[in-house]
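Just final-v3.csv here, CSV, C-alpha atoms:
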```csv
chain,number,residue,atom,x,y,z
A,1,MET,CA,23.6,12.3,-24.5
A,2,ALA,CA,21.7,9.2,-25.6
A,3,SER,CA,21.9,7.7,-22.2
A,4,GLU,CA,20.8,10.9,-20.6
A,5,ALA,CA,17.7,11.2,-22.9
A,6,LYS,CA,16.8,7.6,-22.1
A,7,ARG,CA,17.2,8.2,-18.3
A,8,ALA,CA,15.0,11.3,-18.6
A,9,LYS,CA,12.4,9.2,-20.5
A,10,GLN,CA,12.4,6.6,-17.8
A,11,ASP,CA,12.3,9.2,-15.0
A,12,SER,CA,9.3,11.1,-16.3
A,13,SER,CA,7.4,7.9,-17.0
A,14,GLN,CA,8.2,6.6,-13.6
A,15,ILE,CA,7.1,9.8,-11.9
A,16,LEU,CA,3.8,9.8,-13.7
A,17,TYR,CA,3.3,6.1,-13.0
A,18,GLU,CA,3.9,6.7,-9.2
A,19,LYS,CA,1.8,9.9,-8.9
A,20,LEU,CA,-1.3,9.0,-11.0
A,21,LYS,CA,-3.5,6.4,-9.2
A,22,CYS,CA,-7.3,6.1,-9.6
A,23,TYR,CA,-9.1,6.7,-6.3
A,24,ILE,CA,-11.9,4.3,-7.3
A,25,CYS,CA,-10.2,1.3,-8.9
A,26,GLU,CA,-6.6,2.0,-7.8
A,27,SER,CA,-5.3,1.5,-11.3
A,28,ARG,CA,-2.3,3.5,-12.7
A,29,LEU,CA,-1.3,4.6,-16.1
A,30,ARG,CA,-2.6,2.6,-19.0
A,31,ALA,CA,-1.7,3.0,-22.6
A,32,GLY,CA,-4.5,4.5,-24.6
A,33,LYS,CA,-6.4,5.6,-21.5
A,34,HIS,CA,-5.1,9.2,-21.3
A,35,HIS,CA,-8.1,11.1,-19.9
A,36,TRP,CA,-7.8,11.7,-16.2
A,37,TYR,CA,-10.3,13.5,-14.1
A,38,ARG,CA,-10.4,15.1,-10.6
A,39,CYS,CA,-13.5,15.0,-8.4
A,40,LEU,CA,-14.5,18.1,-6.4
A,41,GLN,CA,-12.8,16.5,-3.4
A,42,GLY,CA,-9.5,16.4,-5.4
A,43,HIS,CA,-9.3,12.7,-6.0
A,44,MET,CA,-7.8,11.5,-9.4
A,45,ILE,CA,-10.2,9.4,-11.4
A,46,CYS,CA,-9.2,7.3,-14.4
A,47,GLN,CA,-11.0,7.3,-17.8
A,48,ASP,CA,-12.7,3.9,-17.3
A,49,CYS,CA,-14.2,4.8,-13.9
A,50,ARG,CA,-15.4,8.2,-15.1
A,51,ASP,CA,-17.0,6.6,-18.2
A,52,ALA,CA,-18.6,3.6,-16.4
A,53,LYS,CA,-22.3,3.3,-17.1
A,54,GLU,CA,-23.1,2.2,-13.5
A,55,ARG,CA,-21.7,3.8,-10.4
A,56,LYS,CA,-22.6,3.6,-6.8
A,57,THR,CA,-23.7,7.1,-5.7
A,58,VAL,CA,-25.8,8.7,-3.0
A,59,PHE,CA,-28.8,7.7,-5.2
A,60,GLY,CA,-27.9,4.0,-5.3
A,61,THR,CA,-26.9,2.4,-8.5
A,62,ASP,CA,-27.1,5.2,-11.0
A,63,THR,CA,-27.5,4.5,-14.7
A,64,ASP,CA,-29.5,7.6,-15.4
A,65,THR,CA,-27.4,10.2,-17.3
A,66,ARG,CA,-29.5,13.0,-15.7
A,67,PHE,CA,-27.5,12.5,-12.6
A,68,PRO,CA,-23.9,13.7,-12.5
A,69,LYS,CA,-21.1,11.1,-12.2
A,70,THR,CA,-19.8,10.9,-8.7
A,71,CYS,CA,-16.7,9.6,-7.0
A,72,VAL,CA,-16.9,6.9,-4.2
A,73,CYS,CA,-16.5,9.9,-1.8
A,74,THR,CA,-19.9,11.1,-3.2
A,75,LYS,CA,-18.4,14.3,-4.7
A,76,ILE,CA,-19.1,15.1,-8.4
A,77,ILE,CA,-16.6,14.3,-11.1
A,78,PRO,CA,-16.7,17.2,-13.6
A,79,PRO,CA,-16.7,16.1,-17.3
A,80,GLN,CA,-13.5,18.0,-18.1
A,81,PHE,CA,-10.4,15.9,-18.1
A,82,CYS,CA,-6.9,17.2,-17.4
A,83,GLU,CA,-5.4,18.4,-20.7
A,84,VAL,CA,-1.9,18.6,-19.2
A,85,ILE,CA,-1.8,15.0,-18.2
A,86,GLU,CA,-3.2,14.0,-21.6
A,87,ALA,CA,-0.4,15.9,-23.4
A,88,LEU,CA,2.2,14.3,-21.2
A,89,LEU,CA,0.9,10.8,-21.8
A,90,ASN,CA,0.8,11.4,-25.6
A,91,ALA,CA,4.4,12.6,-25.7
A,92,ASP,CA,6.7,10.6,-27.9
A,93,LYS,CA,9.1,10.0,-25.0
A,94,MET,CA,6.4,8.5,-22.8
A,95,GLU,CA,6.9,4.9,-21.9
A,96,PHE,CA,4.1,2.7,-20.4
A,97,LYS,CA,4.3,-0.4,-18.1
A,98,CYS,CA,1.9,-3.3,-18.9
A,99,GLU,CA,-1.4,-3.0,-17.0
A,100,ASN,CA,-0.7,-6.6,-15.8
A,101,LEU,CA,2.4,-5.5,-13.8
A,102,THR,CA,1.0,-6.6,-10.5
A,103,ARG,CA,0.5,-10.1,-11.9
A,104,GLY,CA,4.1,-10.5,-13.0
A,105,CYS,CA,4.5,-8.8,-16.4
A,106,GLN,CA,7.6,-6.7,-16.7
A,107,GLU,CA,7.0,-5.4,-20.2
A,108,SER,CA,7.3,-1.7,-20.9
A,109,SER,CA,7.2,0.2,-24.2
A,110,ASP,CA,5.6,3.1,-26.1
A,111,LYS,CA,1.9,3.6,-26.4
A,112,GLU,CA,1.2,1.7,-29.6
A,113,ASN,CA,3.4,-1.3,-28.8
A,114,MET,CA,2.0,-1.5,-25.3
A,115,ILE,CA,-1.6,-1.5,-26.5
A,116,LEU,CA,-0.8,-4.4,-28.9
A,117,HIS,CA,1.1,-6.3,-26.2
A,118,GLN,CA,-1.7,-6.1,-23.7
A,119,THR,CA,-4.1,-7.8,-26.1
A,120,GLU,CA,-1.9,-10.9,-26.0
A,121,CYS,CA,-0.1,-10.6,-22.6
A,122,ILE,CA,0.0,-14.0,-20.9
A,123,TYR,CA,-0.7,-12.3,-17.5
A,124,ARG,CA,-3.9,-10.6,-18.6
A,125,LEU,CA,-7.1,-11.7,-16.8
A,126,VAL,CA,-9.6,-13.8,-18.8
A,127,ASN,CA,-12.9,-15.4,-17.9
A,128,CYS,CA,-13.1,-19.1,-17.3
A,129,PRO,CA,-15.1,-20.5,-20.2
A,130,CYS,CA,-17.2,-22.5,-17.7
A,131,VAL,CA,-20.2,-20.2,-17.3
A,132,ASP,CA,-21.1,-21.7,-13.9
A,133,CYS,CA,-17.6,-20.9,-12.6
A,134,GLY,CA,-17.4,-17.2,-13.0
A,135,SER,CA,-13.7,-16.9,-12.1
A,136,LYS,CA,-11.2,-14.6,-13.7
A,137,VAL,CA,-7.6,-16.0,-13.9
A,138,PRO,CA,-4.4,-15.0,-15.7
A,139,PHE,CA,-4.4,-16.3,-19.3
A,140,HIS,CA,-1.3,-18.6,-18.7
A,141,GLN,CA,-3.0,-20.2,-15.7
A,142,LEU,CA,-6.4,-20.9,-17.3
A,143,LEU,CA,-5.8,-24.5,-18.3
A,144,ASP,CA,-4.5,-25.5,-14.9
A,145,HIS,CA,-7.4,-23.7,-13.2
A,146,MET,CA,-9.9,-25.7,-15.3
A,147,LYS,CA,-8.6,-29.1,-14.4
A,148,PRO,CA,-9.7,-29.2,-10.8
A,149,ASP,CA,-12.4,-26.6,-10.8
A,150,CYS,CA,-14.2,-27.0,-14.1
A,151,LEU,CA,-14.3,-30.7,-14.7
A,152,GLY,CA,-16.3,-30.5,-17.9
A,153,ALA,CA,-13.3,-29.1,-19.6
A,154,ILE,CA,-11.6,-32.4,-19.3
A,155,ASP,CA,-14.0,-33.8,-21.9
A,156,HIS,CA,-11.6,-33.6,-24.9
A,157,PHE,CA,-12.5,-33.9,-28.6
A,158,ASP,CA,-9.9,-34.0,-31.3
A,159,HIS,CA,-10.8,-32.3,-34.6
A,160,TYR,CA,-14.5,-32.7,-35.5
A,161,ASN,CA,-15.9,-35.4,-33.2
A,162,GLU,CA,-19.5,-34.9,-32.2
A,163,CYS,CA,-20.7,-33.7,-28.8
A,164,THR,CA,-24.0,-34.9,-27.3
A,165,TYR,CA,-26.1,-32.6,-25.1
A,166,THR,CA,-29.3,-33.5,-23.2
A,167,PHE,CA,-31.7,-30.6,-23.0
A,168,LYS,CA,-34.4,-30.2,-20.3
A,169,ASN,CA,-37.6,-28.5,-21.2
A,170,LYS,CA,-38.7,-25.3,-19.5
A,171,SER,CA,-35.2,-24.8,-18.0
A,172,LEU,CA,-34.7,-21.3,-16.5
A,173,ALA,CA,-30.9,-21.6,-16.5
A,174,THR,CA,-28.8,-24.6,-17.5
A,175,PHE,CA,-25.0,-24.5,-17.7
A,176,TYR,CA,-23.1,-27.1,-19.6
A,177,PRO,CA,-19.4,-27.7,-18.9
A,178,PRO,CA,-17.2,-26.5,-21.9
A,179,LYS,CA,-16.0,-29.1,-24.3
A,180,LYS,CA,-12.3,-28.8,-25.1
A,181,ILE,CA,-11.4,-29.2,-28.7
A,182,THR,CA,-7.9,-29.4,-30.2
A,183,VAL,CA,-7.2,-28.7,-33.8
A,184,GLU,CA,-3.6,-28.5,-35.1
A,185,ASN,CA,-2.3,-27.8,-31.6
A,186,LYS,CA,-4.8,-24.9,-31.2
A,187,ILE,CA,-7.2,-25.1,-28.3
A,188,PHE,CA,-10.9,-24.2,-28.5
A,189,PHE,CA,-13.9,-24.6,-26.2
A,190,SER,CA,-17.4,-25.4,-27.2
A,191,CYS,CA,-19.7,-23.6,-24.8
A,192,LEU,CA,-23.4,-23.8,-24.4
A,193,ARG,CA,-25.9,-22.2,-22.2
A,194,ILE,CA,-29.7,-22.2,-21.9
A,195,ASP,CA,-31.3,-19.3,-20.2
A,196,HIS,CA,-35.1,-18.9,-19.9
A,197,GLY,CA,-35.7,-21.1,-22.8
A,198,ASP,CA,-33.1,-19.5,-25.1
A,199,LEU,CA,-30.1,-21.5,-26.2
A,200,TYR,CA,-26.7,-19.9,-26.8
A,201,HIS,CA,-23.8,-21.8,-28.3
A,202,TRP,CA,-20.4,-20.5,-29.3
A,203,ILE,CA,-16.8,-21.5,-29.7
A,204,TYR,CA,-14.1,-19.9,-27.6
A,205,PHE,CA,-10.5,-19.7,-28.8
A,206,TYR,CA,-7.7,-20.0,-26.3
A,207,GLY,CA,-5.6,-17.1,-27.6
A,208,SER,CA,-5.5,-13.4,-28.3
A,209,PRO,CA,-8.4,-11.4,-30.0
A,210,ILE,CA,-6.1,-10.8,-33.0
A,211,GLU,CA,-5.3,-14.5,-33.5
A,212,ALA,CA,-8.9,-15.4,-33.1
A,213,LYS,CA,-9.8,-13.6,-36.3
A,214,ASN,CA,-8.0,-16.4,-38.2
A,215,TYR,CA,-10.5,-19.1,-37.3
A,216,SER,CA,-14.2,-19.8,-38.0
A,217,TYR,CA,-16.5,-22.7,-37.2
A,218,THR,CA,-19.7,-24.4,-38.2
A,219,LEU,CA,-22.2,-25.8,-35.7
A,220,GLU,CA,-24.7,-28.5,-36.9
A,221,TYR,CA,-27.6,-29.7,-34.9
A,222,TYR,CA,-29.2,-33.1,-35.5
A,223,ASN,CA,-32.7,-34.2,-34.4
A,224,ASP,CA,-31.7,-37.8,-34.1
A,225,THR,CA,-28.3,-39.4,-33.7
A,226,LYS,CA,-29.4,-42.7,-35.2
A,227,THR,CA,-30.7,-41.3,-38.4
A,228,PRO,CA,-28.8,-38.0,-38.6
A,229,LYS,CA,-30.6,-35.1,-40.2
A,230,VAL,CA,-29.3,-31.6,-40.0
A,231,THR,CA,-32.0,-29.3,-38.5
A,232,CYS,CA,-29.8,-26.3,-37.8
A,233,SER,CA,-26.5,-25.1,-39.2
A,234,PHE,CA,-24.6,-22.0,-38.1
A,235,THR,CA,-21.3,-20.6,-39.1
A,236,ASP,CA,-19.4,-17.8,-37.4
A,237,GLN,CA,-16.0,-16.6,-36.3
A,238,VAL,CA,-14.6,-18.0,-33.1
A,239,VAL,CA,-14.5,-15.6,-30.1
A,240,SER,CA,-11.4,-14.9,-28.1
A,241,ILE,CA,-11.3,-16.2,-24.5
A,242,ASP,CA,-11.1,-12.5,-23.6
A,243,GLU,CA,-14.8,-12.0,-24.5
A,244,THR,CA,-17.4,-12.2,-21.7
A,245,LEU,CA,-20.7,-14.1,-22.0
A,246,LYS,CA,-22.5,-10.8,-21.8
A,247,SER,CA,-20.6,-9.3,-24.7
A,248,ILE,CA,-21.0,-12.4,-26.8
A,249,ILE,CA,-24.8,-12.4,-26.4
A,250,GLU,CA,-25.0,-8.6,-27.0
A,251,LYS,CA,-23.0,-8.8,-30.1
A,252,VAL,CA,-24.8,-11.9,-31.3
A,253,ASN,CA,-21.4,-13.7,-31.7
A,254,CYS,CA,-23.1,-17.1,-31.2
A,255,LEU,CA,-25.8,-19.4,-32.3
A,256,SER,CA,-29.1,-18.3,-30.6
A,257,PHE,CA,-32.6,-19.6,-30.7
A,258,SER,CA,-35.6,-20.5,-28.5
```
Same coordinates, now as structure tokens:
Amino acid sequence: MASEAKRAKQDSSQILYEKLKCYICESRLRAGKHHWYRCLQGHMICQDCRDAKERKTVFGTDTDTRFPKTCVCTKIIPPQFCEVIEALLNADKMEFKCENLTRGCQESSDKENMILHQTECIYRLVNCPCVDCGSKVPFHQLLDHMKPDCLGAIDHFDHYNECTYTFKNKSLATFYPPKKITVENKIFFSCLRIDHGDLYHWIYFYGSPIEAKNYSYTLEYYNDTKTPKVTCSFTDQVVSIDETLKSIIEKVNCLSFS
């Protein structure tokens, strides 16, 4: 009986996984994303695509909530999600595959465990800390990616050695290669950007968002390296490598001044 129940669980989960596919982003079932919609053409639309703030429509890039959300086929996506699908995905017997399946992850589990797993899955996509790079790579490949493509990351500082930056006045956009810092076998990146006269400086943690909560840092700026005098001091929590530059600036998770 137990084996039959397990097989039924796997069969129902597999059927839903195969049948539900977003017409816009082509993603399949994801733990915690249980609202699925159907456009007037009949295409299935996932929760993220339906809730996206920007969408290409017949009106162009639409960020005005006065216009209805539309599918890429230009048909309207009604605001009502499918309650039957939601009930099936919330069932106790439902099992989810990792959203990083196509990149090699073979993990599968119930909703709560899968949501936790995906925050630290080594196959999840993360942004390269080199702002000028813009690449997204699997977490476990990030360090190898940075060696040839983001040369500044080779600059390595153990513990609390000082980094020197040269600032140019009236710079519209200046990108500085990330500085790699190792503390007790944990890897961090000191990242700095100047954009239209505003300076942003933060510390990335090479790890999951949950583990990042265990670490904080202090930045100290000096006006002269020969006769050091602290002119600016800033303390904050490190940010996970999963965070984007845009979210860091919007949440003010960094040192920022003109």
Excluding segment 206-223 of chain A and its own-chain neighbours fewer than 6 positions away, which residues fall within 9 Å of it when counting all atoms listed in the file? Please give them as a ChimeraX atom specification.
/A:119-121,139,186-189,229-243,255
Identify which of the residues A:Cys25, A:Cys39, A:Leu142, A:Ile15 lies closest to Leu89 of chain A, counting all atoms listed in the file when measuring atom-to-atom distances.
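When distances to Leu89 of chain A are compared using all atoms listed in the file, the smallest one comes from A:Ile15.
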Give the answer as one residue: which of A:Ser109, A:Ser135, A:Gln47, A:Ser258 has the shortest atom-to-atom distance to Phe81 of chain A, using all atoms listed in the file?
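For Phe81 of chain A, the nearest of the candidates is A:Gln47.
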Point out the residue among A:Asn113, A:Ile203, A:Leu245, A:Asn185 with the least atom-to-atom distance to Asp132 of chain A, counting only C-alpha atoms.
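Smallest separation from Asp132 of chain A among the options: A:Leu245.
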Just the number, please: distance in Å from atom CA of Glu99 of chain A to atom CA of Leu116 of chain A, one decimal.
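Atom CA of Glu99 of chain A sits 12.0 Å away from atom CA of Leu116 of chain A.
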Return the single residue from A:Gln41, A:Lys19, A:Val131, A:Lys136 that is closest to Pro177 of chain A, with distances computed using only C-alpha atoms.
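That would be A:Val131, the residue with the smallest distance to Pro177 of chain A.
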Residues within 8 Å of Tyr37 of chain A, please, as a PyMOL selection string. Count only C-alpha atoms; anything in the same chain fewer than 6 positions from it doesn't count.
chain A and resi 44-47+50+77-82
The selected residues should be written to file as a tab-separated table (two decimals), in the frame of the given file (atoms: C-alpha atoms).
```
chain	number	residue	atom	x	y	z
A	44	MET	CA	-7.80	11.50	-9.40
A	45	ILE	CA	-10.20	9.40	-11.40
A	46	CYS	CA	-9.20	7.30	-14.40
A	47	GLN	CA	-11.00	7.30	-17.80
A	50	ARG	CA	-15.40	8.20	-15.10
A	77	ILE	CA	-16.60	14.30	-11.10
A	78	PRO	CA	-16.70	17.20	-13.60
A	79	PRO	CA	-16.70	16.10	-17.30
A	80	GLN	CA	-13.50	18.00	-18.10
A	81	PHE	CA	-10.40	15.90	-18.10
A	82	CYS	CA	-6.90	17.20	-17.40
```
To one decimal place, how far is atom CA of Asn100 of chain A from atom CA of Tyr17 of chain A in Å?
13.6 Å
